[in-house]
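Engineer: Sharing target37.txt, compact mmCIF, C-alpha atoms:
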# COMPACT_ATOMS: atom_id res chain seq x y z
CA MET P 1 65.71 -22.84 35.66
CA ARG P 2 65.42 -23.29 31.89
CA VAL P 3 64.99 -26.88 30.77
CA TRP P 4 65.22 -27.76 27.08
CA LEU P 5 63.79 -30.93 25.57
CA HIS P 6 65.32 -32.39 22.43
CA GLY P 7 63.70 -33.90 19.38
CA SER P 8 60.09 -33.88 18.34
CA LEU P 9 58.47 -34.28 21.75
CA LEU P 10 55.38 -32.11 21.56
CA VAL P 11 53.13 -34.89 20.35
CA ALA P 12 54.43 -37.06 23.16
CA LEU P 13 53.66 -34.31 25.65
CA LEU P 14 50.04 -34.23 24.59
CA THR P 15 49.71 -37.99 25.04
CA VAL P 16 51.57 -38.47 28.29
CA THR P 17 49.92 -39.71 31.44
CA VAL P 18 50.73 -37.07 33.93
CA ALA P 19 51.56 -38.92 37.05
CA CYS P 20 53.12 -41.87 35.34
CA GLY P 21 50.74 -44.08 37.26
CA GLY P 22 48.95 -45.16 34.10
CA SER P 23 45.56 -46.66 34.77
CA SER P 24 44.00 -49.72 33.23
CA THR P 25 40.61 -48.07 33.59
CA ALA P 26 39.01 -47.51 30.21
CA PRO P 27 38.49 -43.88 29.15
CA GLY P 28 35.08 -42.65 30.11
CA SER P 29 34.68 -45.13 32.98
CA THR P 30 34.38 -44.24 36.62
CA ALA P 31 35.93 -46.11 39.54
CA PRO P 32 38.22 -49.05 38.72
CA SER P 33 36.41 -52.37 38.62
CA ARG P 34 38.66 -53.80 41.35
CA ALA P 35 37.39 -51.23 43.89
CA PRO P 36 35.64 -52.83 46.87
CA ALA P 37 31.89 -52.51 46.95
CA GLU P 38 31.61 -50.65 50.23
CA ALA P 39 31.57 -46.86 50.02
CA ALA P 40 33.42 -44.65 52.46
CA THR P 41 31.20 -43.35 55.24
CA PRO P 42 30.78 -39.57 54.84
CA PRO P 43 31.73 -37.51 57.88
CA ALA P 44 28.87 -35.70 59.52
CA SER P 45 30.21 -32.34 58.37
CA ALA P 46 30.03 -33.37 54.71
CA ALA P 47 26.30 -33.95 54.78
CA ALA P 48 25.35 -30.55 56.18
CA PRO P 49 24.70 -27.62 53.82
CA SER P 50 27.32 -24.90 53.88
CA SER P 51 26.40 -21.78 55.79
CA SER P 52 29.75 -20.04 56.04
CA ALA P 53 30.18 -16.49 54.78
CA GLY P 54 30.67 -16.20 51.06
CA ALA P 55 29.44 -19.73 50.32
CA SER P 56 27.46 -20.31 47.13
CA THR P 57 23.85 -21.32 47.62
CA ALA P 58 23.40 -24.91 46.48
CA PRO P 59 20.39 -25.44 44.18
CA GLN P 60 17.58 -27.79 45.17
CA THR P 61 18.34 -29.92 42.11
CA PRO P 62 22.08 -30.64 41.82
CA ASP P 63 23.83 -29.36 38.72
CA LYS P 64 25.44 -32.06 36.64
CA ILE P 65 29.10 -31.72 35.72
CA ARG P 66 31.42 -34.22 34.09
CA VAL P 67 34.94 -34.17 35.53
CA ALA P 68 38.00 -36.10 34.32
CA TYR P 69 40.96 -37.35 36.31
CA ASN P 70 44.03 -38.79 34.65
CA ALA P 71 45.76 -41.15 37.05
CA ILE P 72 44.95 -43.80 39.64
CA THR P 73 47.62 -42.98 42.18
CA ALA P 74 47.51 -42.26 45.89
CA ASP P 75 47.98 -38.51 45.46
CA GLN P 76 44.68 -38.28 43.54
CA THR P 77 42.69 -39.34 46.62
CA PRO P 78 41.19 -35.88 47.34
CA ILE P 79 39.41 -36.07 43.98
CA TRP P 80 37.66 -39.30 44.95
CA LEU P 81 37.20 -38.19 48.55
CA ALA P 82 34.98 -35.31 47.42
CA GLN P 83 32.75 -37.86 45.69
CA ASP P 84 32.65 -40.56 48.36
CA ALA P 85 32.30 -38.19 51.33
CA GLY P 86 29.42 -36.30 49.72
CA ILE P 87 31.25 -32.99 49.37
CA TYR P 88 30.29 -32.43 45.75
CA GLN P 89 26.66 -33.13 46.66
CA LYS P 90 26.88 -30.77 49.62
CA HIS P 91 27.71 -27.98 47.19
CA GLY P 92 24.84 -28.81 44.85
CA LEU P 93 26.81 -30.76 42.27
CA ASP P 94 26.09 -34.10 40.64
CA VAL P 95 29.63 -34.99 39.55
CA GLU P 96 30.40 -37.79 37.13
CA LEU P 97 34.07 -38.70 37.49
CA VAL P 98 35.63 -40.22 34.39
CA SER P 99 39.12 -41.56 33.74
CA MET P 100 40.99 -40.03 30.83
CA GLN P 101 44.64 -40.91 30.66
CA SER P 102 46.16 -38.13 28.56
CA SER P 103 45.92 -34.54 27.44
CA ALA P 104 45.11 -35.84 23.95
CA GLN P 105 41.78 -37.01 25.39
CA ILE P 106 41.20 -34.28 27.96
CA THR P 107 41.83 -31.15 25.85
CA PRO P 108 39.26 -31.79 23.08
CA ALA P 109 36.72 -32.95 25.67
CA LEU P 110 37.11 -29.69 27.58
CA MET P 111 36.95 -27.61 24.42
CA SER P 112 33.79 -29.34 23.18
CA GLY P 113 32.02 -29.08 26.51
CA GLU P 114 31.93 -32.85 26.98
CA LEU P 115 33.85 -32.15 30.20
CA GLY P 116 33.25 -29.26 32.54
CA ILE P 117 36.53 -29.50 34.42
CA ALA P 118 39.51 -31.85 34.39
CA TYR P 119 42.09 -32.71 37.00
CA SER P 120 45.30 -32.73 34.99
CA ALA P 121 48.92 -31.70 34.87
CA GLY P 122 49.64 -28.14 33.94
CA ALA P 123 51.87 -29.10 31.01
CA GLY P 124 48.98 -30.27 28.86
CA THR P 125 46.97 -27.13 29.63
CA VAL P 126 49.88 -24.84 28.80
CA ALA P 127 50.77 -26.66 25.57
CA ALA P 128 47.17 -26.66 24.34
CA THR P 129 46.65 -22.98 25.15
CA LEU P 130 49.85 -22.00 23.36
CA GLN P 131 48.38 -23.66 20.29
CA GLY P 132 45.02 -21.92 20.39
CA ALA P 133 42.95 -23.57 23.12
CA ASP P 134 41.36 -21.37 25.80
CA LEU P 135 42.25 -23.45 28.87
CA VAL P 136 43.30 -22.04 32.22
CA MET P 137 44.44 -23.54 35.51
CA LEU P 138 41.84 -23.09 38.24
CA SER P 139 43.92 -24.70 40.97
CA SER P 140 47.25 -26.44 41.56
CA PHE P 141 47.14 -28.74 44.55
CA GLN P 142 50.42 -30.49 43.67
CA PRO P 143 52.69 -27.58 42.72
CA TRP P 144 56.11 -29.26 42.88
CA LEU P 145 57.82 -31.66 40.50
CA ARG P 146 57.82 -34.93 42.43
CA PHE P 147 58.93 -38.30 41.11
CA TRP P 148 61.06 -41.07 42.60
CA LEU P 149 64.02 -42.72 40.87
CA TYR P 150 64.76 -46.32 41.86
CA THR P 151 67.81 -48.40 41.07
CA LYS P 152 69.85 -51.36 42.23
CA PRO P 153 71.08 -51.23 45.84
CA GLU P 154 74.73 -51.08 44.86
CA ILE P 155 74.23 -47.81 42.97
CA THR P 156 74.60 -44.87 45.35
CA SER P 157 74.80 -41.84 43.01
CA VAL P 158 73.22 -40.69 39.78
CA ALA P 159 76.69 -40.44 38.22
CA GLN P 160 76.97 -44.24 38.49
CA LEU P 161 74.11 -44.56 36.01
CA ARG P 162 76.37 -43.50 33.14
CA GLY P 163 76.06 -46.01 30.30
CA THR P 164 72.89 -47.60 31.71
CA ARG P 165 69.22 -47.66 30.75
CA MET P 166 66.63 -45.53 32.57
CA GLY P 167 62.90 -46.16 32.34
CA VAL P 168 60.43 -43.29 31.89
CA THR P 169 56.77 -43.24 30.89
CA ARG P 170 56.76 -41.14 27.73
CA PHE P 171 59.00 -38.40 26.38
CA GLY P 172 57.81 -34.87 26.94
CA GLY P 173 55.98 -35.21 30.24
CA GLY P 174 56.79 -34.36 33.83
CA LEU P 175 58.50 -37.64 34.58
CA HIS P 176 60.78 -37.28 31.56
CA LEU P 177 61.55 -33.74 32.69
CA ALA P 178 62.52 -35.13 36.10
CA GLY P 179 64.93 -37.51 34.39
CA LEU P 180 66.52 -34.78 32.27
CA ILE P 181 67.03 -32.49 35.25
CA THR P 182 68.42 -35.26 37.44
CA VAL P 183 70.90 -36.48 34.84
CA ARG P 184 72.12 -32.95 34.06
CA ARG P 185 72.55 -32.18 37.76
CA ALA P 186 74.94 -35.13 37.87
CA GLY P 187 77.02 -33.55 35.09
CA MET P 188 75.87 -35.93 32.36
CA ASP P 189 74.26 -35.44 28.97
CA PRO P 190 70.91 -37.30 28.94
CA GLU P 191 71.24 -38.00 25.19
CA ARG P 192 74.82 -39.29 25.18
CA ASP P 193 75.59 -40.68 28.61
CA LEU P 194 72.66 -43.05 29.13
CA VAL P 195 69.58 -44.39 27.38
CA MET P 196 66.10 -43.22 28.38
CA SER P 197 63.42 -45.70 27.37
CA GLN P 198 59.70 -45.00 27.07
CA LEU P 199 57.91 -47.84 28.82
CA GLY P 200 54.34 -46.56 29.06
CA GLY P 201 53.38 -46.47 32.72
CA ASN P 202 54.16 -47.02 36.39
CA SER P 203 53.45 -50.75 36.25
CA GLU P 204 55.59 -51.27 33.14
CA ILE P 205 58.57 -49.51 34.72
CA PHE P 206 58.12 -51.56 37.90
CA THR P 207 58.10 -54.79 35.90
CA ALA P 208 61.16 -53.78 33.89
CA LEU P 209 63.12 -52.98 37.06
CA MET P 210 62.12 -56.20 38.77
CA GLY P 211 63.07 -58.17 35.65
CA GLY P 212 66.41 -56.44 35.14
CA ALA P 213 65.47 -54.98 31.75
CA ILE P 214 66.45 -51.47 32.97
CA ASP P 215 68.94 -50.26 35.54
CA SER P 216 66.87 -47.41 36.95
CA GLY P 217 63.33 -46.16 36.62
CA TRP P 218 60.87 -43.55 37.87
CA VAL P 219 58.14 -45.18 39.95
CA LEU P 220 55.38 -43.93 42.27
CA PRO P 221 53.26 -45.65 44.95
CA PRO P 222 52.14 -48.30 45.45
CA GLN P 223 54.70 -50.04 43.23
CA ALA P 224 57.45 -47.85 44.71
CA TYR P 225 56.96 -49.40 48.14
CA ALA P 226 57.09 -52.90 46.69
CA LEU P 227 60.41 -52.04 45.03
CA GLU P 228 61.81 -50.93 48.38
CA ASP P 229 60.63 -54.16 49.98
CA ALA P 230 62.43 -56.02 47.18
CA GLY P 231 65.70 -54.22 48.02
CA PHE P 232 65.78 -51.46 45.42
CA ARG P 233 67.20 -48.09 46.42
CA ARG P 234 65.30 -44.82 46.10
CA LEU P 235 68.08 -42.74 44.59
CA VAL P 236 66.24 -39.46 43.96
CA ASP P 237 63.13 -37.69 45.19
CA THR P 238 62.75 -34.64 42.97
CA LEU P 239 60.73 -32.89 45.68
CA ASP P 240 64.16 -32.13 47.16
CA TYR P 241 64.87 -29.95 44.10
CA ARG P 242 61.83 -27.73 44.87
CA ILE P 243 61.06 -27.16 41.20
CA PRO P 244 57.69 -25.40 40.75
CA TYR P 245 55.54 -27.54 38.46
CA THR P 246 51.82 -28.30 38.47
CA MET P 247 51.72 -32.06 38.83
CA SER P 248 47.96 -31.96 39.34
CA GLY P 249 45.31 -29.28 39.43
CA ALA P 250 41.89 -28.31 38.09
CA THR P 251 41.65 -27.08 34.50
CA GLY P 252 38.74 -25.58 32.60
CA SER P 253 37.99 -23.73 29.38
CA LYS P 254 37.34 -20.00 29.55
CA ARG P 255 34.10 -20.52 27.65
CA TYR P 256 32.77 -23.08 30.12
CA ILE P 257 33.84 -20.95 33.08
CA SER P 258 32.07 -17.91 31.63
CA GLU P 259 28.87 -19.82 30.91
CA HIS P 260 28.79 -21.80 34.19
CA GLU P 261 30.51 -19.52 36.65
CA ASP P 262 28.47 -20.53 39.70
CA ILE P 263 28.99 -24.25 39.01
CA VAL P 264 32.74 -23.65 38.76
CA ARG P 265 32.64 -21.59 41.94
CA ARG P 266 30.91 -24.39 43.86
CA PHE P 267 33.19 -26.99 42.32
CA ILE P 268 36.35 -25.22 43.48
CA ARG P 269 34.81 -24.81 46.93
CA ALA P 270 34.13 -28.55 47.07
CA HIS P 271 37.62 -29.26 45.72
CA MET P 272 39.22 -27.20 48.49
CA GLU P 273 37.01 -28.70 51.20
CA SER P 274 38.09 -32.14 50.03
CA LEU P 275 41.76 -31.16 50.31
CA ALA P 276 41.11 -29.99 53.86
CA LEU P 277 39.32 -33.23 54.70
CA PHE P 278 42.19 -35.26 53.26
CA ALA P 279 44.59 -33.46 55.60
CA SER P 280 42.36 -33.78 58.67
CA ASP P 281 40.88 -37.30 58.36
CA LYS P 282 43.60 -39.81 57.65
CA GLU P 283 41.54 -42.94 58.22
CA LEU P 284 38.71 -41.91 55.90
CA SER P 285 41.26 -40.82 53.30
CA LYS P 286 43.03 -44.18 53.47
CA ARG P 287 39.74 -46.03 53.01
CA VAL P 288 38.94 -43.99 49.92
CA MET P 289 42.52 -44.45 48.66
CA ALA P 290 42.22 -48.22 49.07
CA LYS P 291 38.88 -48.30 47.27
CA TRP P 292 39.99 -46.39 44.17
CA THR P 293 43.60 -47.59 43.83
CA GLY P 294 43.09 -51.21 44.86
CA MET P 295 45.94 -50.83 47.37
CA ASP P 296 45.20 -53.12 50.32
CA ASN P 297 48.51 -53.24 52.20
CA PRO P 298 48.00 -51.24 55.46
CA GLU P 299 51.65 -50.18 55.60
CA TYR P 300 51.59 -48.96 51.99
CA LEU P 301 48.38 -47.02 52.61
CA GLU P 302 49.89 -45.30 55.64
CA ARG P 303 53.02 -44.36 53.76
CA ALA P 304 51.13 -43.27 50.66
CA TYR P 305 48.90 -41.00 52.73
CA HIS P 306 51.84 -39.18 54.34
CA ASP P 307 53.87 -39.05 51.12
CA SER P 308 50.91 -37.53 49.27
CA LEU P 309 50.23 -35.00 52.00
CA SER P 310 53.86 -33.88 52.14
CA SER P 311 53.73 -32.38 48.65
CA MET P 312 50.12 -31.18 48.62
CA GLU P 313 48.96 -27.57 48.77
CA LEU P 314 45.73 -27.16 50.74
CA ILE P 315 45.12 -23.63 49.46
CA PRO P 316 45.80 -24.44 45.80
CA TYR P 317 46.67 -21.18 44.10
CA THR P 318 48.39 -21.61 40.74
CA THR P 319 51.57 -19.55 40.83
CA PRO P 320 53.38 -18.05 37.82
CA ASP P 321 56.58 -19.94 38.58
CA THR P 322 54.84 -23.32 38.08
CA ILE P 323 53.66 -22.13 34.66
CA GLN P 324 57.08 -20.73 33.79
CA THR P 325 58.72 -24.11 34.34
CA MET P 326 56.33 -25.60 31.79
CA LEU P 327 56.84 -22.74 29.34
CA ASP P 328 60.57 -23.33 29.53
CA GLN P 329 60.00 -27.03 28.92
CA LEU P 330 57.94 -26.30 25.79
CA ALA P 331 59.99 -23.43 24.36
CA GLU P 332 61.96 -25.51 21.86
CA GLN P 333 58.84 -27.09 20.36
CA ILE P 334 56.49 -24.08 20.57
CA PRO P 335 58.28 -20.74 19.96
CA ALA P 336 55.36 -18.80 21.47
CA ALA P 337 56.29 -20.27 24.86
CA ARG P 338 59.42 -18.11 24.95
CA THR P 339 57.49 -14.86 25.24
CA ALA P 340 54.25 -16.07 26.85
CA ASN P 341 53.07 -14.44 30.08
CA PRO P 342 52.49 -17.09 32.79
CA GLU P 343 49.58 -15.08 34.20
CA ASP P 344 47.60 -15.72 31.01
CA PHE P 345 47.29 -19.40 31.95
CA ILE P 346 45.92 -18.81 35.46
CA ASP P 347 42.49 -18.08 36.93
CA ASN P 348 42.85 -17.94 40.71
CA ARG P 349 39.70 -15.95 41.48
CA PHE P 350 37.64 -18.94 42.66
CA VAL P 351 40.33 -20.12 45.08
CA ARG P 352 40.69 -16.52 46.27
CA GLU P 353 36.95 -16.26 46.92
CA VAL P 354 37.06 -19.33 49.15
CA VAL P 355 40.01 -17.95 51.09
CA GLU P 356 38.30 -14.59 51.53
CA SER P 357 35.05 -16.22 52.72
CA ASN P 358 37.09 -18.15 55.33
CA PRO P 359 34.86 -21.23 55.84
CA PRO P 360 35.39 -23.11 59.12
CA TRP P 361 37.15 -26.02 57.43
CA LEU P 362 39.74 -23.82 55.68
CA PRO P 363 43.28 -24.71 56.87
CA THR P 364 45.11 -22.07 58.86
CA THR P 365 48.31 -22.74 56.88
CA PRO P 366 48.51 -22.94 53.07
CA THR P 367 50.50 -26.15 52.85
CA ALA P 368 50.11 -29.62 54.30
CA ALA P 369 53.85 -30.20 54.59
CA GLY P 370 54.56 -31.67 57.98
CA ALA P 371 50.88 -32.22 58.84
CA GLN P 372 50.03 -35.23 60.94
Just give me the structure as structure tokens.
Structural biologist:
Amino acid sequence: MRVWLHGSLLVALLTVTVACGGSSTAPGSTAPSRAPAEAATPPASAAAPSSSAGASTAPQTPDKIRVAYNAITADQTPIWLAQDAGIYQKHGLDVELVSMQSSAQITPALMSGELGIAYSAGAGTVAATLQGADLVMLSSFQPWLRFWLYTKPEITSVAQLRGTRMGVTRFGGGLHLAGLITVRRAGMDPERDLVMSQLGGNSEIFTALMGGAIDSGWVLPPQAYALEDAGFRRLVDTLDYRIPYTMSGATGSKRYISEHEDIVRRFIRAHMESLALFASDKELSKRVMAKWTGMDNPEYLERAYHDSLSSMELIPYTTPDTIQTMLDQLAEQIPAARTANPEDFIDNRFVREVVESNPPWLPTTPTAAGAQ
């Protein structure tokens, strides 16, 4: 599928918040201030040193690494779970998690060495690398384009949105791409047949929908569940389209990876163990989710857990087709995207090493879809 964006959107791409769940956490901070004081209790398995074949030997003194994440949404829980359950520490890492809301912050921090690794959308990594950065995707644990479109209950098809106003975060990002694809699938021109408005974040779109300022908008949990309780209809779930797209994954610079290969190796091992723990320990995962997102509604937590798991890849290889979708998205703004090789943006060797070492916690199936 080739998706073209119109206008001067590249700058917007590099400033977009990937998951549209924009955080109020200041850049460079750690957990949101509204998080409850109690920490999640680590499972017994997280405290024990790894002894499985192929595991890296953790140093006596943990290695420090600064890691960014770019959204406070339910699907980011495995990132925080690795911290709160002691998995990073188990693998000899002293991880400082920091919130950075856009590629405009993350890319220079990775290039300067201020960050070791960042959890980010693939679009920012691909755009920066096309323009001279040396970033690569180390994992993709959310490899499908997934956003939810909400509208008034009387609207039952996308075609009925003709002439209306649709809320997105910012032009050029994954959520805007979801809107373009959805509108075109309904036989409409997204520039002529409706108005797309940049509103900034998940909360802003939620407020605009509730206040009637827009007719439809792309919203994710927990605000999505509140919209449903208020009577709004979920009109589209783009997961149904099965469009390969790295919504979230680990990114690093080639220079940092070369200079700190064993740290990166242990980090990816911890990252994958956290994904496995997320899939296998729902109650612990919900506690961590509640702590970091501030979501305290038990029903919302239950739904958010299962919704997140349904689109998560537990063995998070980055595949060329996810990169190709992003190259197609960028081709109009960056001509080099038209001839770029998707493999040049991928470094799967650390994920592959974990799979080949076959630790006891490694899932027997690559995807969490349908897991309980």
Engineer: Report the distance between atom CA of P:Ala186 and atom CA of P:Ala337 in Å, rounded to one decimal place.
Structural biologist: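 Between these atoms lies a distance of 27.2 Å.
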Engineer: At a cut-off of 12 Å, using all atoms listed in the file, what residues contact P:Arg352? Leave out same-chain residues fewer than 2 positions from it and give the result as a ChimeraX atom specification.
Structural biologist: /P:54,138-139,265,268-269,272,315-318,347-350,354-358,362
Engineer: My list of candidates is P:Ser103, P:Gln198, P:Ser216, P:Thr325. Which is closest to P:Arg162 when distances are computed with only C-alpha atoms?
Structural biologist: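 Nearest to P:Arg162: P:Ser216.
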Engineer: Grab the atom CA of P:Phe141 to atom CA of P:Leu180 distance for me, in Å with one decimal place.
Structural biologist: 23.7 Å
Engineer: Find the spatial neighbours of P:Tyr241, counting all atoms listed in the file, within a cut-off of 10 Å - ignore same-chain residues fewer than 5 positions away - and output them as a list in words.
Structural biologist: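 So, after excluding close chain neighbours, the residues are Trp144, Leu145, Arg146, Ala178, Ile181, Thr182 and Val236 of chain P.
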